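Chemist: Input: one structure, supplied below.
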Amino acid sequence: FEALRWSAQLGEASYTLTVSQVEPTVLEVSTAGSAKAMDVEKCVRRVLMLDWNASEAANVATRCDRRVASMVAAGGGRLLRGSSAFEDVVKTICTINTSWRNTQAMIRQIVALSGTGAFPTPREVLQLGEDELRRRAPVGYRAATIIAVAELASERDLGAVELSRLRDLR
């Protein structure tokens, strides 16, 4: 089987997760290490958007293209997400005003900051500070925004933050 493999911060440790689709509705999930099953499940559900309610997207698609609507209604249309909302926001910031090649370079260097192969936590990013982040990862002017997002994420679950707060960042 082909598998999707990534490293994620689960609790206080980093783990490599491997997911294979062994049947149309059955996933096989394994981890290197002894991660808590509940943390692994939560991470896999988030990354694969398994809890996404597609009904609203299907309704919008119906007005545009019935073929797309039927694909969405059947469960298609999910995006592969990061292990956390913080990761998703930072990766999005790294796409602004640059090429895909540069985005990839930024993300590789940001991941290298953790030393574990997993995306760094907001706390790890904050410990670096803006100048060190800019020095160790080629993020340039984005460093200030990444630090602001890390501060916001360290205050509470970034997934629960209103989008209006994100628009007000530097």
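We name chains A, B, ... following the order of the structure tokens; residues begin at 1 in each chain, and ligands are numbered from 1 as shown.
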List as number ranges by chain the protein and nucleic acid residues near Ala35 in chain A, meaning an atom at most 12 Å away when only C-alpha atoms are counted, but skip any in the same chain fewer than 4 places from it.
Modeler: A: 7-17, 29-31, 39-43
Chemist: Write the selection just made, keeping N, CA, C and O atoms, as a short mmCIF file (atom, residue, chain, number, x, y, z; two decimals), in the first residue's frame?
Modeler:
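Saved as selection.cif:
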```
data_model
loop_
_atom_site.label_atom_id
_atom_site.label_comp_id
_atom_site.auth_asym_id
_atom_site.auth_seq_id
_atom_site.Cartn_x
_atom_site.Cartn_y
_atom_site.Cartn_z
N SER A 7 5.56 13.78 10.39
CA SER A 7 5.90 13.91 11.81
C SER A 7 5.01 14.98 12.41
O SER A 7 4.73 16.00 11.78
N ALA A 8 4.59 14.74 13.64
CA ALA A 8 3.71 15.68 14.32
C ALA A 8 4.05 15.74 15.79
O ALA A 8 4.49 14.75 16.38
N GLN A 9 3.85 16.90 16.36
CA GLN A 9 4.02 17.11 17.79
C GLN A 9 2.72 16.68 18.45
O GLN A 9 1.67 17.25 18.20
N LEU A 10 2.77 15.63 19.25
CA LEU A 10 1.60 15.13 19.98
C LEU A 10 1.93 15.20 21.45
O LEU A 10 2.75 14.42 21.94
N GLY A 11 1.32 16.13 22.14
CA GLY A 11 1.67 16.34 23.54
C GLY A 11 3.06 16.95 23.60
O GLY A 11 3.35 17.92 22.91
N GLU A 12 3.93 16.38 24.39
CA GLU A 12 5.28 16.93 24.57
C GLU A 12 6.32 16.28 23.67
O GLU A 12 7.49 16.63 23.74
N ALA A 13 5.92 15.32 22.84
CA ALA A 13 6.90 14.61 22.01
C ALA A 13 6.48 14.62 20.54
O ALA A 13 5.32 14.85 20.21
N SER A 14 7.44 14.35 19.69
CA SER A 14 7.20 14.28 18.25
C SER A 14 7.13 12.81 17.83
O SER A 14 7.90 11.98 18.33
N TYR A 15 6.18 12.52 16.95
CA TYR A 15 6.00 11.15 16.48
C TYR A 15 5.85 11.15 14.97
O TYR A 15 5.35 12.12 14.39
N THR A 16 6.25 10.07 14.34
CA THR A 16 6.00 9.88 12.92
C THR A 16 4.73 9.04 12.79
O THR A 16 4.63 7.96 13.38
N LEU A 17 3.77 9.57 12.04
CA LEU A 17 2.51 8.88 11.81
C LEU A 17 2.49 8.36 10.37
O LEU A 17 2.96 9.05 9.46
N VAL A 29 -3.53 3.09 10.68
CA VAL A 29 -2.70 4.15 11.23
C VAL A 29 -1.67 3.53 12.16
O VAL A 29 -2.00 2.69 13.00
N SER A 30 -0.42 3.94 12.00
CA SER A 30 0.62 3.47 12.92
C SER A 30 1.53 4.64 13.29
O SER A 30 1.62 5.63 12.56
N THR A 31 2.18 4.51 14.42
CA THR A 31 3.13 5.53 14.87
C THR A 31 4.42 4.85 15.30
O THR A 31 4.41 3.71 15.76
N ASP A 39 -4.52 11.10 20.96
CA ASP A 39 -3.78 12.17 20.29
C ASP A 39 -3.54 11.84 18.82
O ASP A 39 -3.64 12.70 17.95
N VAL A 40 -3.21 10.58 18.55
CA VAL A 40 -2.99 10.15 17.17
C VAL A 40 -4.27 10.28 16.36
O VAL A 40 -4.27 10.84 15.26
N GLU A 41 -5.37 9.80 16.92
CA GLU A 41 -6.65 9.88 16.20
C GLU A 41 -7.03 11.33 15.92
O GLU A 41 -7.45 11.67 14.81
N LYS A 42 -6.89 12.18 16.92
CA LYS A 42 -7.22 13.60 16.75
C LYS A 42 -6.38 14.22 15.63
O LYS A 42 -6.90 14.96 14.79
N CYS A 43 -5.10 13.91 15.59
CA CYS A 43 -4.21 14.45 14.57
C CYS A 43 -4.59 13.94 13.18
O CYS A 43 -4.70 14.72 12.23
#
```
Chemist: Using only C-alpha atoms, determine which residues lie at most 12 Å from Val47 in chain A, disregarding the query and same-chain residues fewer than 3 positions distant; provide the list as a PyMOL selection string.
Modeler: chain A and resi 4-8+17-19+40-44+50-52+78-85+87-88
Chemist: DSSP on the backbone, alpha helix (DSSP H) only: what residues of range 14-106 of chain A does that give? Format it as a ChimeraX atom specification.
Modeler: /A:37-47,55-64,66-73,85-93,100-106
Chemist: Can I get the selection written as a tab-separated table (two decimals), in the first residue's frame, with N, CA and C atoms?
Modeler:
```tsv
chain	number	residue	atom	x	y	z
A	37	ALA	N	-3.23	7.00	21.84
A	37	ALA	CA	-4.15	6.72	20.74
A	37	ALA	C	-5.09	7.89	20.48
A	38	MET	N	-5.56	8.54	21.53
A	38	MET	CA	-6.48	9.66	21.38
A	38	MET	C	-5.80	10.83	20.65
A	39	ASP	N	-4.52	11.10	20.96
A	39	ASP	CA	-3.78	12.17	20.29
A	39	ASP	C	-3.54	11.84	18.82
A	40	VAL	N	-3.21	10.58	18.55
A	40	VAL	CA	-2.99	10.15	17.17
A	40	VAL	C	-4.27	10.28	16.36
A	41	GLU	N	-5.37	9.80	16.92
A	41	GLU	CA	-6.65	9.88	16.20
A	41	GLU	C	-7.03	11.33	15.92
A	42	LYS	N	-6.89	12.18	16.92
A	42	LYS	CA	-7.22	13.60	16.75
A	42	LYS	C	-6.38	14.22	15.63
A	43	CYS	N	-5.10	13.91	15.59
A	43	CYS	CA	-4.21	14.45	14.57
A	43	CYS	C	-4.59	13.94	13.18
A	44	VAL	N	-4.83	12.65	13.05
A	44	VAL	CA	-5.19	12.06	11.75
A	44	VAL	C	-6.52	12.64	11.28
A	45	ARG	N	-7.48	12.76	12.17
A	45	ARG	CA	-8.78	13.32	11.80
A	45	ARG	C	-8.62	14.75	11.29
A	46	ARG	N	-7.74	15.53	11.93
A	46	ARG	CA	-7.52	16.91	11.51
A	46	ARG	C	-6.82	16.98	10.15
A	47	VAL	N	-5.71	16.25	10.02
A	47	VAL	CA	-4.91	16.31	8.79
A	47	VAL	C	-5.74	15.87	7.59
A	55	SER	N	-21.70	19.36	3.45
A	55	SER	CA	-23.01	19.77	2.93
A	55	SER	C	-23.02	21.22	2.44
A	56	GLU	N	-22.41	22.13	3.16
A	56	GLU	CA	-22.39	23.53	2.71
A	56	GLU	C	-21.60	23.67	1.41
A	57	ALA	N	-20.46	23.02	1.33
A	57	ALA	CA	-19.66	23.07	0.10
A	57	ALA	C	-20.42	22.44	-1.07
A	58	ALA	N	-21.13	21.36	-0.81
A	58	ALA	CA	-21.92	20.71	-1.86
A	58	ALA	C	-23.04	21.63	-2.34
A	59	ASN	N	-23.66	22.36	-1.41
A	59	ASN	CA	-24.72	23.31	-1.80
A	59	ASN	C	-24.17	24.41	-2.69
A	60	VAL	N	-23.01	24.95	-2.34
A	60	VAL	CA	-22.39	25.99	-3.17
A	60	VAL	C	-22.00	25.40	-4.52
A	61	ALA	N	-21.44	24.22	-4.51
A	61	ALA	CA	-21.01	23.59	-5.76
A	61	ALA	C	-22.20	23.29	-6.68
A	62	THR	N	-23.35	22.99	-6.11
A	62	THR	CA	-24.54	22.71	-6.91
A	62	THR	C	-24.89	23.89	-7.80
A	63	ARG	N	-24.69	25.10	-7.28
A	63	ARG	CA	-24.98	26.30	-8.07
A	63	ARG	C	-23.95	26.52	-9.18
A	64	CYS	N	-22.78	25.93	-9.05
A	64	CYS	CA	-21.70	26.15	-10.02
A	64	CYS	C	-21.53	24.99	-11.01
A	66	ARG	N	-22.74	20.75	-11.22
A	66	ARG	CA	-23.36	19.57	-10.60
A	66	ARG	C	-22.38	18.40	-10.46
A	67	ARG	N	-21.42	18.28	-11.38
A	67	ARG	CA	-20.43	17.19	-11.28
A	67	ARG	C	-19.56	17.37	-10.04
A	68	VAL	N	-19.14	18.62	-9.82
A	68	VAL	CA	-18.34	18.90	-8.62
A	68	VAL	C	-19.19	18.66	-7.38
A	69	ALA	N	-20.44	19.10	-7.41
A	69	ALA	CA	-21.34	18.91	-6.27
A	69	ALA	C	-21.49	17.44	-5.92
A	70	SER	N	-21.62	16.59	-6.92
A	70	SER	CA	-21.79	15.16	-6.63
A	70	SER	C	-20.50	14.57	-6.06
A	71	MET	N	-19.34	15.06	-6.54
A	71	MET	CA	-18.07	14.58	-6.00
A	71	MET	C	-17.93	15.01	-4.53
A	72	VAL	N	-18.30	16.26	-4.22
A	72	VAL	CA	-18.21	16.75	-2.85
A	72	VAL	C	-19.21	16.00	-1.96
A	73	ALA	N	-20.42	15.79	-2.45
A	73	ALA	CA	-21.44	15.07	-1.67
A	73	ALA	C	-21.00	13.64	-1.36
A	85	ALA	N	-3.65	24.15	13.58
A	85	ALA	CA	-4.04	25.40	12.91
A	85	ALA	C	-2.84	26.34	12.81
A	86	PHE	N	-1.97	26.33	13.81
A	86	PHE	CA	-0.77	27.15	13.77
A	86	PHE	C	0.07	26.81	12.54
A	87	GLU	N	0.27	25.53	12.31
A	87	GLU	CA	1.03	25.09	11.14
A	87	GLU	C	0.37	25.57	9.85
A	88	ASP	N	-0.94	25.43	9.75
A	88	ASP	CA	-1.64	25.87	8.54
A	88	ASP	C	-1.48	27.36	8.30
A	89	VAL	N	-1.61	28.17	9.35
A	89	VAL	CA	-1.51	29.62	9.19
A	89	VAL	C	-0.09	30.01	8.80
A	90	VAL	N	0.91	29.45	9.46
A	90	VAL	CA	2.29	29.79	9.13
A	90	VAL	C	2.62	29.37	7.69
A	91	LYS	N	2.18	28.20	7.29
A	91	LYS	CA	2.44	27.77	5.91
A	91	LYS	C	1.75	28.69	4.91
A	92	THR	N	0.57	29.17	5.25
A	92	THR	CA	-0.12	30.11	4.37
A	92	THR	C	0.66	31.43	4.29
A	93	ILE	N	1.15	31.91	5.41
A	93	ILE	CA	1.95	33.13	5.43
A	93	ILE	C	3.17	32.98	4.51
A	100	TRP	N	6.54	29.12	-5.35
A	100	TRP	CA	6.33	27.85	-4.64
A	100	TRP	C	7.67	27.31	-4.15
A	101	ARG	N	8.70	27.44	-4.96
A	101	ARG	CA	10.04	26.97	-4.58
A	101	ARG	C	10.52	27.67	-3.30
A	102	ASN	N	10.33	28.98	-3.23
A	102	ASN	CA	10.73	29.72	-2.02
A	102	ASN	C	9.85	29.34	-0.83
A	103	THR	N	8.56	29.13	-1.07
A	103	THR	CA	7.68	28.68	0.02
A	103	THR	C	8.19	27.37	0.60
A	104	GLN	N	8.52	26.43	-0.27
A	104	GLN	CA	9.03	25.14	0.19
A	104	GLN	C	10.31	25.30	1.00
A	105	ALA	N	11.20	26.18	0.54
A	105	ALA	CA	12.45	26.41	1.27
A	105	ALA	C	12.17	26.99	2.66
A	106	MET	N	11.24	27.94	2.73
A	106	MET	CA	10.89	28.52	4.03
A	106	MET	C	10.37	27.44	4.97
```
Chemist: Tell me, in Å to one decimal, how far CA of Ile96 in chain A is from CA of Asp65 in chain A.
Modeler: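 It comes out at 29.4 Å.
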Chemist: Show which residues sit within 10 Å of Ala144 in chain A, as a VMD selection string. Count only C-alpha atoms, and ignore same-chain residues fewer than 3 positions away.
Modeler: chain A and resid 129 to 131 133 to 134 139 to 141 147 to 150 169 to 170
Chemist: If you measure from CA of Ala54 in chain A to CA of Glu2 in chain A, what distance in Å do you get, rounded to one decimal?
Modeler: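 Taking CA of Ala54 in chain A and CA of Glu2 in chain A, their separation equals 25.7 Å.
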